[in-house]
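Below is one structure; the comments refer to it alone.
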Amino acid sequence: MSQITTKAPRATAAAAAKCTHCGLEVPPVLARTDLSEQFCCQGCETVYRTIHECGLERYYELRDASTNERVRPEVPDHAFAEFDDPAFEAVYVAQQPDGLASVELALEGVHCAACVWLVERLPSVVTGVVESRLNLRTRVVQVRWDPSRVRLSRIADTLTHLGYRPHPARGAGVRQARIRDERRMLARIAIAGFCAGNVMLLAFALYGGVPDGIEPRFETLFRWMSMLIAAVSLAGPGSVFFRGALAALRARAPHLDLPIGLALLIGGLGGTINTIRGSGEIYFDSLTTLVFLLLVGRFIQQRQQRKASDAIELLYAFTPSLAHVVNDDEVRDVPVEALRIGDLIEVRPGELVAADGTLESGHSAIDASLLTGESRPAEVGPGCPLSAGTLNIASPVRLRVESTGPDSRIGRLMRLVADAAERKAPILALTNRIALVFTVVVVVLACVTFGVWVPRGIDQASGHAIALLIVTCPCALGLATPLAMTASIGRAARRGIMIKGSDALERLTHPGVIYLDKTGTVTHGGLTVVQWIGDKAARRLVAALERGSRHPIARALADLDADTPAPDSVEHVTGAGVRGVVEGHDVVVGNADFVEQHVHATRGDFAPHFTHAADEGLTPVAVAVDGRVVALALLADDVRPDSRQVVERLQRAGWTVRLLSGDDPRTTRRIGERIGLGASDIFGGVSPERKLAVVSRPGERTVMVGDGVNDAAALAAAGVGIAVHGGAEASLEASDVYLTRPGLGPILETLDLARGTRRVIFGCLGASLTYNSIAATLAVMGLITPIIAAILMPLSSLTVVLIASRAGSSLREEHR
């Protein structure tokens, strides 16, 4: 086999230069030794110049102080004319009474507090912008501006030049309604806290006067003030428990709101009667404190139960906000909402397809991995169907629109996610399952207590009955689960495991069937060269030729050598390969047929390797230099290092592990065998709709682990959905658990945490029920007076808080 002589690599001093803007390494071909400012790309230089021209240099100081993460910005050559289109404004822009307009925009590249500072300086950069407020968590900025002074397209262009490309934030109305609901809940909590604090101060004065007495006029004043403040708490913030109790009675489905509402009502009525009579315990300090604590617990639960709408909103992120419509060879940009069936649209390289349709002209390669899980791009030509949300990576194409929005394939996936999330009702909490029995027992005991003690007087009988209802208030039961879950979720978050709801932890306590997606989950999610056969000197030439291409195969080949010369000429052939001249050598890289068309020799000695690649599901790329085939690169999406070990440990723990992938069955089989699975547990070529059907089989405890849009519906429908590090945002939102650390190892930690949390919750419930049983017995026997009941009632909640603080401690030391 002939060898290739290449020039020695250039000195690497320039390669060590860091970008002045983002701090990432500057490619050797872009290094400028004659300048002090170095940039790794045109986007960084544009953003750097814009920041300095606007006098916002403090951004770099804030960024370096807040994070070590560095993001390379993209500054596309785009005027955002569609943002000024009436169709766009009708959907996304809100006109305000003062003549201003507001819009919510989702920004790319936001990653730290310094980004918030920079984006919120927008009014000082663009004349006419009144306000710019950025939410770091959602990466959504709300902009208010004067339309008579500046266009929205100008604002969007400025944001892009600052390094944050904007997109319309779909679902803004839903988010605003959610924000209003949260604000109302926080207002209730604030009022309840104010009432509880003030009643507690009055209670201190009343309790302080018990040993030595208190002047009757002050005692009466403090009791009436307590009653009035407690009335505000019970009738205002506390009314949610009364409404819940009434709803439970109407639906004949008792839950914890029923005994809680009953205890609050009886305690409130008893305290009011005693206030009017001027004697007896008033209970208002305990009642207002419990209303406050229970509202806090309910708020925590509600914050963890919002997945379906978030998943729908983020799935929209995988369709672009504009489309290039072709009319009589004139191309104009319009919002995707303005697309109609039958429109001819152009999709350029690097853009997402805006609608479902049939390709009419052009040849290209389409990356559909987010929708199908196929790790290799598909070659398309006239007559081929294209789906919205897929990525065009090679050449411009034109397609005829057949369906848009909710009728497109990604729109149907959105509906599947929503339907699956709604069908997946949370497991009925243990506290709710015992609510009916608990309520009946308490009410019966209160009646029995009243009947037993009534011969000794109505006052004594009613006092003991009220003491029983107060001391057995199930508030501790209501606090047990949210407190334990909150403690567990907090500890898990510190370990990079984001858990969205208590039901997920409950489901993970029992082994079942765990389905693993392949691309990006078991594997790294990108093509790499797993084997190089032939002349190693050709690697540098191939990397140089492929350096500027966006194609996934080209990116993998470009990583073969970090220090490459600039090619003298490059010619890309869509769906076949690339040819060019590098350091005087004619280089051809591509599939076998393409390479053989440009060389004098056939694949020869490499023929067996082509056969092997086809059998193993590998992607073969032939390399010819100066007319001869000299090497063969075999590409694959390689397995993560910990995948096999995690699978083995899951199997030892009693889980059935299966591989479920939309990729080619041969590739899926090869990966499945490498991680130790048998043929009966490996499923390839599975569509998103089929994945949903598989994980939804009745009678199975299922866990779905995935990372792509094609997994979103299955993640939402499974008993527990786990999204892995690096996954698509839609899969993260549709899942119950998100792993922020790479690999499958955090799955094992999550299972340990679930089992530990379950033990803590049972401990909380056991302590609460034991307390209630003892307290009820003493109350029936007349050994607990109403004032003692009011003092003892919070102790149960305090015990639960102390036990719940242990939640999450089951994260084993070996994982640290």
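Each chain of the structure tokens is named A, B, ... in the order shown, its residues numbered from 1; ligands are numbered from 1 in display order.
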Long-range neighbours of Ala576 (chain A) as a VMD selection string, 8 Å cut-off, only C-alpha atoms, 3 positions minimum in chain = chain A and resid 573 590 to 591 594
request  = Name all residues at most 6 Å from region 631-647 of chain A (count only C-alpha atoms; drop same-chain ones fewer than 5 positions away) and give them as a PyMOL selection string.
outcome  = chain A and resi 522-524+526-535+618-623+675
remark   = Computed gap from CA of Gln38 (chain A) to CA of Lys18 (chain A) is 6.7 Å
task = Return the single residue from A:Gly451, A:Pro742, A:Gly782, A:Gly236 that is closest to Gly525 (chain A), with distances computed using only C-alpha atoms.
result =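 The shortest atom-to-atom distance to Gly525 (chain A) comes from A:Pro742.
By only C-alpha atoms, and with residues fewer than 3 positions from Gly654 (chain A) along its chain excluded, the set lying at most 7 Å from it is Pro511, Leu650 and Gln651 of chain A.
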